[in-house]
Every structure is written in structure tokens, then in C-alpha cells.
$ cat final_8.cif   # mmCIF, C-alpha atoms and all ligand atoms
data_input
loop_
_atom_site.group_PDB
_atom_site.id
_atom_site.type_symbol
_atom_site.label_atom_id
_atom_site.label_comp_id
_atom_site.auth_asym_id
_atom_site.auth_seq_id
_atom_site.Cartn_x
_atom_site.Cartn_y
_atom_site.Cartn_z
ATOM 1 C CA MET A 201 135.897 87.163 -1.267
ATOM 2 C CA ALA A 202 132.568 88.728 -0.467
ATOM 3 C CA LYS A 203 132.014 91.888 -2.394
ATOM 4 C CA THR A 204 129.553 94.635 -1.700
ATOM 5 C CA THR A 205 128.675 97.720 -3.654
ATOM 6 C CA LYS A 206 129.358 100.714 -1.490
ATOM 7 C CA ASN A 207 126.631 103.168 -0.627
ATOM 8 C CA SER A 208 124.127 100.830 -2.123
ATOM 9 C CA ARG A 209 121.920 98.107 -0.933
ATOM 10 C CA GLY A 210 119.642 98.809 -3.883
ATOM 11 C CA GLY A 211 116.069 97.632 -3.519
ATOM 12 C CA ALA A 212 115.145 98.605 -7.033
ATOM 13 C CA SER A 213 113.571 95.452 -8.396
ATOM 14 C CA ARG A 214 110.073 96.263 -7.073
ATOM 15 C CA GLN A 215 109.717 99.180 -9.470
ATOM 16 C CA PRO A 216 108.115 98.900 -12.893
ATOM 17 C CA LYS A 217 110.494 99.648 -15.734
ATOM 18 C CA ARG A 218 110.139 102.998 -17.411
ATOM 19 C CA ARG A 219 112.306 105.067 -19.664
ATOM 20 C CA TYR A 220 114.808 107.033 -17.635
ATOM 21 C CA THR A 221 116.855 109.771 -19.277
ATOM 22 C CA LYS A 222 118.785 112.824 -18.140
ATOM 23 C CA LYS A 223 115.994 115.187 -19.194
ATOM 24 C CA GLY A 224 113.568 115.458 -16.330
ATOM 25 C CA ALA A 225 115.578 113.033 -14.188
ATOM 26 C CA ASP A 226 114.781 113.247 -10.488
ATOM 27 C CA ARG A 227 117.986 112.570 -8.578
ATOM 28 C CA TYR A 228 116.157 111.693 -5.362
ATOM 29 C CA GLU A 229 114.007 109.131 -7.141
ATOM 30 C CA LEU A 230 117.097 107.600 -8.743
ATOM 31 C CA TYR A 231 118.937 107.626 -5.400
ATOM 32 C CA GLN A 232 116.107 105.831 -3.616
ATOM 33 C CA LEU A 233 115.890 103.223 -6.361
ATOM 34 C CA ALA A 234 119.616 102.582 -6.523
ATOM 35 C CA VAL A 235 120.892 103.146 -3.008
ATOM 36 C CA GLN A 236 118.236 102.576 -0.422
ATOM 37 C CA SER A 237 116.471 99.447 0.744
ATOM 38 C CA ALA A 238 114.497 101.136 3.473
ATOM 39 C CA GLU A 239 111.960 98.345 3.971
ATOM 40 C CA HIS A 240 114.743 95.855 4.594
ATOM 41 C CA ASP A 241 116.679 98.256 6.842
ATOM 42 C CA VAL A 242 113.805 99.082 9.198
ATOM 43 C CA LYS A 243 112.976 95.378 9.536
ATOM 44 C CA LEU A 244 116.606 94.677 10.322
ATOM 45 C CA VAL A 245 116.936 97.330 13.057
ATOM 46 C CA SER A 246 113.566 96.279 14.489
ATOM 47 C CA ARG A 247 114.842 92.698 14.662
ATOM 48 C CA ILE A 248 118.058 93.832 16.338
ATOM 49 C CA TYR A 249 116.046 95.862 18.878
ATOM 50 C CA ARG A 250 113.692 92.925 19.644
ATOM 51 C CA ARG A 251 116.637 90.635 20.138
ATOM 52 C CA LEU A 252 118.392 93.061 22.496
ATOM 53 C CA ARG A 253 115.393 94.435 24.393
ATOM 54 C CA GLY A 254 112.748 91.733 24.078
ATOM 55 C CA ARG A 255 109.998 94.039 22.814
ATOM 56 C CA GLU A 256 108.826 95.838 19.722
ATOM 57 C CA PRO A 257 110.376 99.323 19.229
ATOM 58 C CA VAL A 258 107.981 102.255 18.804
ATOM 59 C CA GLY A 259 109.929 105.495 18.333
ATOM 60 C CA LEU A 260 112.613 106.174 15.707
ATOM 61 C CA ARG A 261 114.903 109.123 15.183
ATOM 62 C CA GLU A 262 116.459 109.119 11.702
ATOM 63 C CA ASP A 263 119.538 111.347 11.507
ATOM 64 C CA PHE A 264 120.850 112.613 8.124
ATOM 65 C CA CYS A 265 117.380 111.553 6.965
ATOM 66 C CA GLY A 266 117.421 113.086 3.469
ATOM 67 C CA THR A 267 114.095 112.077 1.933
ATOM 68 C CA ALA A 268 113.112 110.218 5.135
ATOM 69 C CA GLN A 269 112.372 106.982 3.365
ATOM 70 C CA LEU A 270 113.344 104.984 6.447
ATOM 71 C CA SER A 271 110.973 106.961 8.662
ATOM 72 C CA ALA A 272 108.195 106.350 6.151
ATOM 73 C CA GLU A 273 108.821 102.596 6.188
ATOM 74 C CA TRP A 274 109.091 102.631 9.985
ATOM 75 C CA VAL A 275 105.602 104.028 10.603
ATOM 76 C CA LYS A 276 104.100 101.547 8.142
ATOM 77 C CA LEU A 277 105.054 98.725 10.527
ATOM 78 C CA GLY A 278 102.525 99.571 13.244
ATOM 79 C CA GLU A 279 100.009 102.183 14.346
ATOM 80 C CA GLN A 280 101.948 102.940 17.517
ATOM 81 C CA ARG A 281 105.086 103.755 15.605
ATOM 82 C CA TRP A 282 106.313 107.324 15.234
ATOM 83 C CA ALA A 283 109.471 108.860 13.756
ATOM 84 C CA GLU A 284 111.424 112.094 13.695
ATOM 85 C CA GLY A 285 113.860 112.896 10.894
ATOM 86 C CA TYR A 286 116.682 115.458 10.960
ATOM 87 C CA ASP A 287 118.506 116.900 7.966
ATOM 88 C CA LEU A 288 120.107 120.258 7.200
ATOM 89 C CA ASP A 289 118.956 120.395 3.588
ATOM 90 C CA PRO A 290 115.375 121.565 2.917
ATOM 91 C CA GLU A 291 115.339 120.108 -0.606
ATOM 92 C CA PRO A 292 115.363 116.364 0.197
ATOM 93 C CA LEU A 293 113.076 117.032 3.167
ATOM 94 C CA SER A 294 110.361 118.582 1.024
ATOM 95 C CA TRP A 295 110.839 115.897 -1.658
ATOM 96 C CA GLY A 296 110.413 113.270 1.058
ATOM 97 C CA ARG A 297 107.268 114.909 2.451
ATOM 98 C CA LYS A 298 105.690 114.895 -0.991
ATOM 99 C CA HIS A 299 106.802 111.473 -2.236
ATOM 100 C CA ASN A 300 107.302 109.365 0.892
ATOM 101 C CA LEU A 301 105.052 110.781 3.636
ATOM 102 C CA ASP A 302 101.993 112.382 2.013
ATOM 103 C CA PRO A 303 101.067 109.155 0.165
ATOM 104 C CA LEU A 304 100.880 107.383 3.547
ATOM 105 C CA GLY A 305 97.953 109.512 4.752
ATOM 106 C CA ALA A 306 97.416 109.240 8.527
ATOM 107 C CA ALA A 307 100.549 107.122 9.008
ATOM 108 C CA GLY A 308 102.615 109.846 7.323
ATOM 109 C CA SER A 309 101.500 112.331 9.962
ATOM 110 C CA ARG A 310 103.280 110.215 12.575
ATOM 111 C CA VAL A 311 106.584 111.350 11.018
ATOM 112 C CA VAL A 312 107.878 114.811 11.904
ATOM 113 C CA LEU A 313 110.776 116.192 9.875
ATOM 114 C CA HIS A 314 113.122 118.860 11.215
ATOM 115 C CA GLN A 315 115.404 120.954 9.065
ATOM 116 C CA ASP A 316 118.170 120.924 11.607
ATOM 117 C CA ASP A 317 121.593 119.618 12.497
ATOM 118 C CA VAL A 318 121.849 116.040 13.753
ATOM 119 C CA ARG A 319 123.218 117.491 16.981
ATOM 120 C CA ALA A 320 119.929 119.323 17.620
ATOM 121 C CA ARG A 321 117.894 118.121 20.592
ATOM 122 C CA SER A 322 115.324 115.360 20.121
ATOM 123 C CA ARG A 323 111.720 116.412 20.676
ATOM 124 C CA ARG A 324 110.906 112.827 21.743
ATOM 125 C CA ARG A 325 113.150 110.111 23.142
ATOM 126 C CA PRO A 326 113.422 107.319 20.552
ATOM 127 C CA ASP A 327 113.847 103.581 21.119
ATOM 128 C CA VAL A 328 116.009 103.421 18.010
ATOM 129 C CA ARG A 329 118.177 106.145 16.573
ATOM 130 C CA LEU A 330 119.700 105.603 13.149
ATOM 131 C CA ALA A 331 122.429 107.193 11.042
ATOM 132 C CA GLN A 332 122.262 105.431 7.712
ATOM 133 C CA ASN A 333 124.279 105.262 4.536
ATOM 134 C CA PHE A 334 127.555 106.212 6.193
ATOM 135 C CA SER A 335 126.376 109.792 6.750
ATOM 136 C CA TRP A 336 128.054 110.002 10.149
ATOM 137 C CA TRP A 337 131.290 110.180 8.087
ATOM 138 C CA TYR A 338 130.466 113.861 7.602
ATOM 139 C CA LEU A 339 131.733 114.232 11.180
ATOM 140 C CA LYS A 340 135.445 114.216 10.471
ATOM 141 C CA GLU A 341 137.041 115.236 13.751
ATOM 142 C CA ARG A 342 137.061 112.819 16.671
ATOM 143 C CA ALA A 343 135.810 115.553 19.051
ATOM 144 C CA GLU A 344 132.926 116.286 16.685
ATOM 145 C CA LEU A 345 131.921 112.636 16.434
ATOM 146 C CA LEU A 346 132.216 112.188 20.201
ATOM 147 C CA ASP A 347 130.007 115.225 20.853
ATOM 148 C CA TYR A 348 127.358 113.866 18.444
ATOM 149 C CA LEU A 349 127.426 110.402 20.012
ATOM 150 C CA GLN A 350 127.178 111.782 23.551
ATOM 151 C CA ARG A 351 124.054 113.673 22.529
ATOM 152 C CA VAL A 352 122.670 110.554 20.857
ATOM 153 C CA ARG A 353 123.134 108.474 24.017
ATOM 154 C CA ARG A 354 121.689 111.122 26.323
ATOM 155 C CA GLU A 355 118.513 111.542 24.312
ATOM 156 C CA LEU A 356 117.707 107.882 23.723
ATOM 157 C CA ALA A 357 114.885 106.217 25.663
ATOM 158 C CA ASP A 358 116.244 104.421 28.745
ATOM 159 C CA ASP A 359 116.491 101.131 26.880
ATOM 160 C CA GLY A 360 117.218 102.734 23.520
ATOM 161 C CA ILE A 361 119.775 101.660 20.942
ATOM 162 C CA PHE A 362 121.737 103.537 18.304
ATOM 163 C CA CYS A 363 122.606 101.985 14.945
ATOM 164 C CA MET A 364 124.952 103.359 12.320
ATOM 165 C CA ASP A 365 126.180 101.571 9.254
ATOM 166 C CA ILE A 366 129.744 101.352 8.036
ATOM 167 C CA TYR A 367 131.650 99.752 5.212
ATOM 168 C CA GLY A 368 135.245 98.763 4.866
ATOM 169 C CA GLY A 369 137.516 96.209 3.279
ATOM 170 C CA LEU A 370 140.386 96.247 0.867
ATOM 171 C CA GLU A 371 138.530 98.352 -1.697
ATOM 172 C CA ALA A 372 137.208 101.011 0.666
ATOM 173 C CA PRO A 373 140.187 103.383 0.399
ATOM 174 C CA GLU A 374 140.821 102.611 -3.281
ATOM 175 C CA GLU A 375 140.290 105.365 -5.814
ATOM 176 C CA MET A 376 137.883 103.531 -8.105
ATOM 177 C CA VAL A 377 134.618 103.559 -10.015
ATOM 178 C CA GLU A 378 131.976 100.869 -9.680
ATOM 179 C CA ARG A 379 128.943 100.500 -11.969
ATOM 180 C CA ARG A 380 125.770 98.588 -11.261
ATOM 181 C CA LYS A 381 122.714 98.089 -13.463
ATOM 182 C CA ILE A 382 119.493 98.940 -11.669
ATOM 183 C CA ASP A 383 116.436 96.845 -12.587
ATOM 184 C CA ALA A 384 114.314 99.961 -13.018
ATOM 185 C CA GLY A 385 116.332 100.732 -16.151
ATOM 186 C CA PHE A 386 119.460 102.813 -15.534
ATOM 187 C CA THR A 387 123.033 102.417 -14.313
ATOM 188 C CA TYR A 388 124.221 103.544 -10.887
ATOM 189 C CA ILE A 389 127.845 104.695 -10.696
ATOM 190 C CA TRP A 390 129.727 104.889 -7.401
ATOM 191 C CA GLU A 391 132.991 106.802 -7.624
ATOM 192 C CA GLN A 392 135.624 106.913 -4.901
ATOM 193 C CA GLU A 393 137.467 109.917 -6.279
ATOM 194 C CA ARG A 394 140.009 110.545 -3.570
ATOM 195 C CA TYR A 395 141.321 109.023 -0.370
ATOM 196 C CA LEU A 396 144.178 110.657 1.521
ATOM 197 C CA PRO A 397 145.718 108.417 4.183
ATOM 198 C CA GLY A 398 147.065 111.215 6.410
ATOM 199 C CA ASP A 399 143.675 112.305 7.695
ATOM 200 C CA ALA A 400 141.418 109.790 5.884
ATOM 201 C CA GLU A 401 139.841 112.515 3.740
ATOM 202 C CA TYR A 402 137.460 110.701 1.436
ATOM 203 C CA ARG A 403 135.592 112.218 -1.504
ATOM 204 C CA CYS A 404 132.967 110.180 -3.330
ATOM 205 C CA HIS A 405 130.263 110.773 -5.928
ATOM 206 C CA ILE A 406 127.142 109.139 -7.288
ATOM 207 C CA SER A 407 126.318 109.447 -11.000
ATOM 208 C CA PHE A 408 123.537 107.909 -13.054
ATOM 209 C CA GLU A 409 123.731 106.766 -16.687
ATOM 210 C CA PHE A 410 120.736 106.113 -18.878
ATOM 211 C CA LYS A 411 120.076 103.694 -21.721
ATOM 212 C CA ASP A 412 120.025 106.500 -24.313
ATOM 213 C CA GLY A 413 123.641 107.345 -23.387
ATOM 214 C CA THR A 414 122.821 110.475 -21.368
ATOM 215 C CA LYS A 415 124.274 110.842 -17.901
ATOM 216 C CA LEU A 416 123.560 112.699 -14.663
ATOM 217 C CA LYS A 417 127.153 113.258 -13.656
ATOM 218 C CA ARG A 418 128.017 113.553 -9.972
ATOM 219 C CA ALA A 419 124.411 113.986 -8.925
ATOM 220 C CA PHE A 420 125.564 113.604 -5.312
ATOM 221 C CA THR A 421 128.972 114.377 -3.805
ATOM 222 C CA TYR A 422 130.184 113.353 -0.358
ATOM 223 C CA ASP A 423 133.088 114.882 1.546
ATOM 224 C CA TRP A 424 133.679 112.413 4.306
ATOM 225 C CA ARG A 425 136.293 110.876 6.526
ATOM 226 C CA LEU A 426 136.756 107.153 5.993
ATOM 227 C CA TRP A 427 136.495 105.986 9.588
ATOM 228 C CA THR A 428 137.510 102.447 10.516
ATOM 229 C CA MET A 429 135.272 100.257 12.617
ATOM 230 C CA ALA A 430 137.751 99.967 15.476
ATOM 231 C CA GLU A 431 138.080 103.766 15.698
ATOM 232 C CA ALA A 432 134.307 104.174 15.720
ATOM 233 C CA LYS A 433 133.875 101.547 18.451
ATOM 234 C CA ASP A 434 136.358 103.441 20.628
ATOM 235 C CA VAL A 435 134.450 106.692 20.191
ATOM 236 C CA LEU A 436 131.091 105.005 20.911
ATOM 237 C CA ARG A 437 132.493 103.559 24.137
ATOM 238 C CA ASP A 438 133.949 106.939 25.097
ATOM 239 C CA ALA A 439 130.510 108.453 24.542
ATOM 240 C CA GLY A 440 129.273 106.268 27.411
ATOM 241 C CA PHE A 441 127.313 103.506 25.667
ATOM 242 C CA SER A 442 127.093 100.467 27.939
ATOM 243 C CA GLU A 443 127.794 98.038 25.119
ATOM 244 C CA VAL A 444 128.918 98.350 21.507
ATOM 245 C CA GLN A 445 128.250 95.523 19.059
ATOM 246 C CA SER A 446 129.143 94.981 15.427
ATOM 247 C CA TRP A 447 126.771 93.135 13.094
ATOM 248 C CA PHE A 448 128.345 92.048 9.809
ATOM 249 C CA GLU A 449 126.537 91.109 6.627
ATOM 250 C CA GLY A 450 126.850 87.483 5.543
ATOM 251 C CA THR A 451 127.849 86.392 2.045
ATOM 252 C CA ASP A 452 125.505 85.054 -0.621
ATOM 253 C CA HIS A 453 127.272 82.027 -2.109
ATOM 254 C CA SER A 454 124.529 81.217 -4.641
ATOM 255 C CA THR A 455 126.141 83.090 -7.528
ATOM 256 C CA LYS A 456 129.665 83.036 -8.950
ATOM 257 C CA GLU A 457 130.229 86.678 -8.090
ATOM 258 C CA LEU A 458 129.914 86.604 -4.320
ATOM 259 C CA SER A 459 127.786 89.380 -2.878
ATOM 260 C CA GLY A 460 126.286 90.432 0.440
ATOM 261 C CA SER A 461 123.351 88.283 1.607
ATOM 262 C CA GLY A 462 121.432 91.114 3.258
ATOM 263 C CA ILE A 463 121.444 89.088 6.494
ATOM 264 C CA TYR A 464 123.453 90.464 9.414
ATOM 265 C CA TYR A 465 125.011 88.564 12.296
ATOM 266 C CA PRO A 466 126.587 89.742 15.557
ATOM 267 C CA ASP A 467 130.327 89.437 14.967
ATOM 268 C CA ALA A 468 132.553 91.294 17.406
ATOM 269 C CA LYS A 469 135.800 90.431 15.671
ATOM 270 C CA GLY A 470 134.460 90.957 12.160
ATOM 271 C CA ARG A 471 135.450 87.524 10.915
ATOM 272 C CA LEU A 472 132.676 87.784 8.304
ATOM 273 C CA GLY A 473 134.427 90.799 6.827
ATOM 274 C CA ARG A 474 137.856 89.220 6.808
ATOM 275 C CA ASP A 475 139.428 89.059 3.348
ATOM 276 C CA CYS A 476 136.426 90.863 1.851
ATOM 277 C CA ALA A 477 136.950 93.306 -0.967
ATOM 278 C CA GLY A 478 134.110 95.283 0.557
ATOM 279 C CA TRP A 479 132.010 94.530 3.617
ATOM 280 C CA LEU A 480 128.956 96.160 5.135
ATOM 281 C CA ALA A 481 128.180 96.220 8.828
ATOM 282 C CA TYR A 482 126.139 97.946 11.520
ATOM 283 C CA LEU A 483 127.506 99.326 14.733
ATOM 284 C CA VAL A 484 124.870 98.870 17.418
ATOM 285 C CA ALA A 485 125.306 100.801 20.660
ATOM 286 C CA LEU A 486 123.184 100.177 23.744
ATOM 287 C CA LYS A 487 122.392 103.041 26.128
HETATM 288 C C1 LIG B 1 124.008 110.353 2.093
HETATM 289 S S1 LIG B 1 122.615 111.395 2.450
HETATM 290 C C2 LIG B 1 121.740 110.222 3.400
HETATM 291 C C3 LIG B 1 120.297 110.080 3.076
HETATM 292 C C4 LIG B 1 119.591 108.947 3.807
HETATM 293 N N1 LIG B 1 119.822 108.982 5.234
HETATM 294 C C5 LIG B 1 120.014 107.591 3.320
HETATM 295 O O1 LIG B 1 120.039 106.641 4.109
HETATM 296 O O2 LIG B 1 120.264 107.378 2.168
HETATM 297 C C6 LIG B 1 123.297 112.495 3.639
HETATM 298 C C7 LIG B 1 122.359 113.573 4.174
HETATM 299 O O3 LIG B 1 122.969 114.121 5.353
HETATM 300 C C8 LIG B 1 122.645 115.488 5.445
HETATM 301 N N2 LIG B 1 123.584 116.123 6.401
HETATM 302 C C9 LIG B 1 124.920 116.262 6.295
HETATM 303 N N3 LIG B 1 125.451 116.809 7.420
HETATM 304 C C10 LIG B 1 124.402 116.995 8.282
HETATM 305 C C11 LIG B 1 124.296 117.502 9.609
HETATM 306 N N4 LIG B 1 125.368 117.908 10.301
HETATM 307 N N5 LIG B 1 123.079 117.546 10.184
HETATM 308 C C12 LIG B 1 121.975 117.129 9.500
HETATM 309 N N6 LIG B 1 122.010 116.616 8.239
HETATM 310 C C13 LIG B 1 123.210 116.559 7.632
HETATM 311 C C14 LIG B 1 122.724 115.973 4.011
HETATM 312 O O4 LIG B 1 121.938 117.147 3.833
HETATM 313 C C15 LIG B 1 122.158 114.757 3.244
HETATM 314 O O5 LIG B 1 120.778 114.899 2.984
#
$ encode --input "final_8.cif" --output "C-alpha cells"
Amino acid sequence: MAKTTKNSRGGASRQPKRRYTKKGADRYELYQLAVQSAEHDVKLVSRIYRRLRGREPVGLREDFCGTAQLSAEWVKLGEQRWAEGYDLDPEPLSWGRKHNLDPLGAAGSRVVLHQDDVRARSRRRPDVRLAQNFSWWYLKERAELLDYLQRVRRELADDGIFCMDIYGGLEAPEEMVERRKIDAGFTYIWEQERYLPGDAEYRCHISFEFKDGTKLKRAFTYDWRLWTMAEAKDVLRDAGFSEVQSWFEGTDHSTKELSGSGIYYPDAKGRLGRDCAGWLAYLVALK
């Protein structure tokens, strides 16, 4: 059984070790270290775009962008590249400007962040639009999700694509806690506190625990709906996308505890996710 840690692709190993503790902890820094692998993700969606459209993508819109780490990685990949990020919360946006964009100098100025709803109009039409780390699960009603996706499709470049990630599997609706040691020197804790099957209400938290025994409890909380892939594909098609693909992560068989390989393959039926305790996938929708 392939097994994946939810809400975490974790690209932490690049960071030098230092002493993390609750005092002075920066939850956005910890989140980026434990959860995001932005460099890998932008390369992946660029590869998907090249394969589908036969050229290099230039413009990105990052929805639910938080600290805009993906946008920052995107513009590093070429001088033509630009990005726009949208998030309601000013706090991660200003953290991201300071820690992810300003250090890039001129390249950072090719990213424009908007404190706005993901349903707000694009200023520029992107080749790739992204909703990452399951954030589209904030949209709980079908009508709400459909409205968002219709806007997404309308505002894409003519040959644009939309990518959103999703996880599922036997463990997805389980009320459970999963711990993972992060190379940088702390423990990441993913908690699925509550899942209610009637309307798929899904409440999850991220906590961090440090080597000195201190803890940043429920540093992030998510009130989501646990959508299934088949439901989401239906809504994407209803939104008018010409084609909807699913790309599933392969399994790394090199260790005893099977884990995701980080490599994604087109897989309409989701055979790669079959029998998995937890699988990760991208939904890719073509305008
Ligand atoms: C899980 S974080 C995702 C951060 C980042 N995209 C990532 O990949 O890790 C979710 C973000 O979505 C934002 N958010 C939630 N609902 C939103 C909405 N309707 N419009 C814009 N941003 C929203 C929150 O403020 C939060 O920063």
C-alpha cells in the first residue's frame, strides 16, 4: 500500500539544522519547511503544461497563495515568467513578500500579490492557474465550487490549464493524527480531527513539536469539505473545461515503508491510487 502524508510533500532537507523551539517560532517558516515543496511543484506543473501544449508556460496565477512560495519559485525559472497570487489573509502575504519575494530582487518584482478572494478577476490571463495544498476544499458547496471554476476557465489564456491537487484513500476520512520528523529539526503533526459523512465536513490541524518538548499546538486549522476526485471531475466538466485529466503520484518501492515517489503520471481511472492508504494526485483541466 502506498502511503502519503497528507498536506505535506515536505522539501525540508535543503535547510541547515538549527534549534527550533516554541519561543520565537515562525509558523510560516515551519509550514514552508514541513508542507511545501514549491520547487518540485512548479517544475511538475511546467512539465505537465509542456506536455499538453508543446511550449514553455510564462504566466502563473496562484490561488490561495498564502506566502506565495510557488509564485517565487515560478519566476526563478525564466526571465519571461510572471505570477499573480491571491489570498484573503494579509498576514501570510506580507510574510511572503518579505521572505520569498524581496530576496529575489528584480525577479521578485515579477510577482504581484493581491489580498483578495480567489473569485476576484485576474489582472492578466495566465497559462497556468494553480490551487495548491487542497485549499479549494474551502469551497464546500457545489454551486460555490462551480462558480469558482467557471471564473478560472474564463480567465485562463486561450491555451491555459488549471491544476489543483487532491488527496484521498482509505485514511483520508479517518479521524487520526500523523507525525513526521522534519530534517530541519522539528516534528510536523497532521491531525484529522473530524470528518462527518453526511456533508463531508472535514476539520484538520497542523501542529509543530520541538526537540525541547515544547509545542506549537494547532498552528493552522482548516475547515474544509473532503471532496472526492470523481465529484471534482464532474464539477470541472460542468464548468466547461474541454478536458479533465487526473495525474496520480507513483509509489517509491525503495524503502520498506512505501511512500509517494514525487513523480506523477496521467491515470484517468486512478489505478495508481487503488488500495492506497493515502494517495496524492493533481486534477488538470484544459480550457
Ligand atoms: C492551506 S493555505 C495554502 C497556502 C499555499 N497555497 C500552499 O500551497 O501551501 C490556505 C490559504 O487559503 C486562503 N484562503 C482561504 N479561502 C480563501 C478565499 N476564498 N480566497 C482567497 N484566499 C483564501 C487562506 O487565507 C490561506 O492562506
$ resolve_selection --input "final_8.cif" --expression "the PyMOL selection byres (((chain A and resi 340-345) around 9) and not hetatm)" --output "PyMOL selection string"
chain A and resi 336-339+346-350+399-401+424-427+432+435-436
$ closest_atom_pairs --input "final_8.cif" --of "region 212-318 of chain A" --to "region 442-454 of chain A" --cutoff "12 Å" --atoms "only C-alpha atoms" --output "Markdown table"
| residue | atom | partner | partner_atom | distance |
| --- | --- | --- | --- | --- |
| A:Leu244 | CA | A:Trp447 | CA | 10.6 |
| A:Val245 | CA | A:Trp447 | CA | 10.7 |
| A:Ile248 | CA | A:Trp447 | CA | 9.3 |
| A:Leu252 | CA | A:Gln445 | CA | 10.7 |
$ residues_near_ligand --input "final_8.cif" --ligand "ligand LIG 1 (chain B)" --cutoff "7 Å" --atoms "all atoms listed in the file" --output "list in words"
Val235, Gln236, Asp263, Phe264, Cys265, Gly266, Thr267, Ala268, Tyr286, Asp287, Leu288, Asp289, Pro292, Asp316, Asp317, Val318, Arg319, Ala331, Gln332, Asn333, Phe334, Ser335 and Tyr338 of chain A
$ atom_distance --input "final_8.cif" --atom1 "CA of Thr421 (chain A)" --atom2 "CA of Glu393 (chain A)"
9.9 Å
$ closest_residue --input "final_8.cif" --among "A:Asp383, A:Asp327, A:Glu291, A:Glu273" --to "Ala234 (chain A)" --atoms "all atoms listed in the file"
A:Asp383
$ atom_distance --input "final_8.cif" --atom1 "CA of Arg218 (chain A)" --atom2 "CA of Ala238 (chain A)"
21.4 Å
$ atom_distance --input "final_8.cif" --atom1 "CA of Tyr228 (chain A)" --atom2 "CA of Arg418 (chain A)"
12.9 Å
$ resolve_selection --input "final_8.cif" --expression "the PyMOL selection byres (((chain A and resi 482) around 8) and not hetatm)" --output "JSON, numbers by chain"
{"A": [363, 364, 365, 366, 446, 447, 448, 480, 481, 483, 484]}
$ resolve_selection --input "final_8.cif" --expression "the PyMOL selection byres (((chain A and resi 308) around 10) and not hetatm)" --output "MDAnalysis selection string"
chainID A and resid 271:273 275:276 282:283 297 300:307 309:312
$ closest_residue --input "final_8.cif" --among "A:Arg325, A:His314, A:Lys469, A:Lys415" --to "Gly296 (chain A)" --atoms "all atoms listed in the file"
A:His314
$ decode --input "final_8.cif" --residues "region 406-428 of chain A" --atoms "N, CA and C atoms" --output "short mmCIF file (atom, residue, chain, number, x, y, z; two decimals), in the first residue's frame"
data_model
loop_
_atom_site.label_atom_id
_atom_site.label_comp_id
_atom_site.auth_asym_id
_atom_site.auth_seq_id
_atom_site.Cartn_x
_atom_site.Cartn_y
_atom_site.Cartn_z
N ILE A 406 -2.67 21.60 11.81
CA ILE A 406 -1.22 21.35 11.78
C ILE A 406 -0.63 21.86 13.08
N SER A 407 0.15 21.01 13.76
CA SER A 407 0.90 21.42 14.94
C SER A 407 2.37 21.13 14.70
N PHE A 408 3.22 21.76 15.50
CA PHE A 408 4.65 21.52 15.41
C PHE A 408 5.19 21.21 16.80
N GLU A 409 6.08 20.23 16.89
CA GLU A 409 6.67 19.87 18.19
C GLU A 409 8.19 19.97 18.07
N PHE A 410 8.78 20.48 19.14
CA PHE A 410 10.22 20.76 19.07
C PHE A 410 11.00 19.80 19.97
N LYS A 411 12.31 19.75 19.73
CA LYS A 411 13.14 18.76 20.43
C LYS A 411 13.18 18.99 21.93
N ASP A 412 12.95 20.25 22.37
CA ASP A 412 12.98 20.52 23.82
C ASP A 412 11.63 20.22 24.47
N GLY A 413 10.72 19.60 23.73
CA GLY A 413 9.43 19.19 24.29
C GLY A 413 8.34 20.24 24.15
N THR A 414 8.69 21.45 23.73
CA THR A 414 7.65 22.48 23.55
C THR A 414 6.90 22.21 22.25
N LYS A 415 5.72 22.83 22.15
CA LYS A 415 4.84 22.51 21.03
C LYS A 415 4.09 23.76 20.57
N LEU A 416 3.93 23.92 19.28
CA LEU A 416 3.05 24.97 18.74
C LEU A 416 1.79 24.24 18.32
N LYS A 417 0.79 24.27 19.21
CA LYS A 417 -0.38 23.43 19.02
C LYS A 417 -1.36 24.10 18.05
N ARG A 418 -1.83 23.34 17.11
CA ARG A 418 -2.81 23.80 16.13
C ARG A 418 -2.45 25.18 15.56
N ALA A 419 -1.25 25.23 15.03
CA ALA A 419 -0.75 26.48 14.43
C ALA A 419 -1.60 26.87 13.22
N PHE A 420 -2.13 25.88 12.54
CA PHE A 420 -3.04 26.13 11.41
C PHE A 420 -4.25 25.21 11.54
N THR A 421 -5.43 25.75 11.25
CA THR A 421 -6.66 24.96 11.29
C THR A 421 -7.38 25.12 9.94
N TYR A 422 -7.91 24.02 9.45
CA TYR A 422 -8.62 24.05 8.17
C TYR A 422 -10.03 23.50 8.32
N ASP A 423 -11.01 24.30 7.92
CA ASP A 423 -12.40 23.84 7.86
C ASP A 423 -12.75 23.64 6.41
N TRP A 424 -12.77 22.40 6.02
CA TRP A 424 -12.89 22.05 4.61
C TRP A 424 -14.07 21.11 4.39
N ARG A 425 -14.30 20.84 3.12
CA ARG A 425 -15.11 19.68 2.73
C ARG A 425 -14.16 18.68 2.09
N LEU A 426 -14.28 17.43 2.45
CA LEU A 426 -13.45 16.40 1.83
C LEU A 426 -14.12 15.96 0.53
N TRP A 427 -13.72 16.62 -0.55
CA TRP A 427 -14.28 16.28 -1.86
C TRP A 427 -13.64 15.00 -2.39
N THR A 428 -14.39 14.22 -3.15
CA THR A 428 -13.77 13.07 -3.83
C THR A 428 -13.34 13.49 -5.23
#
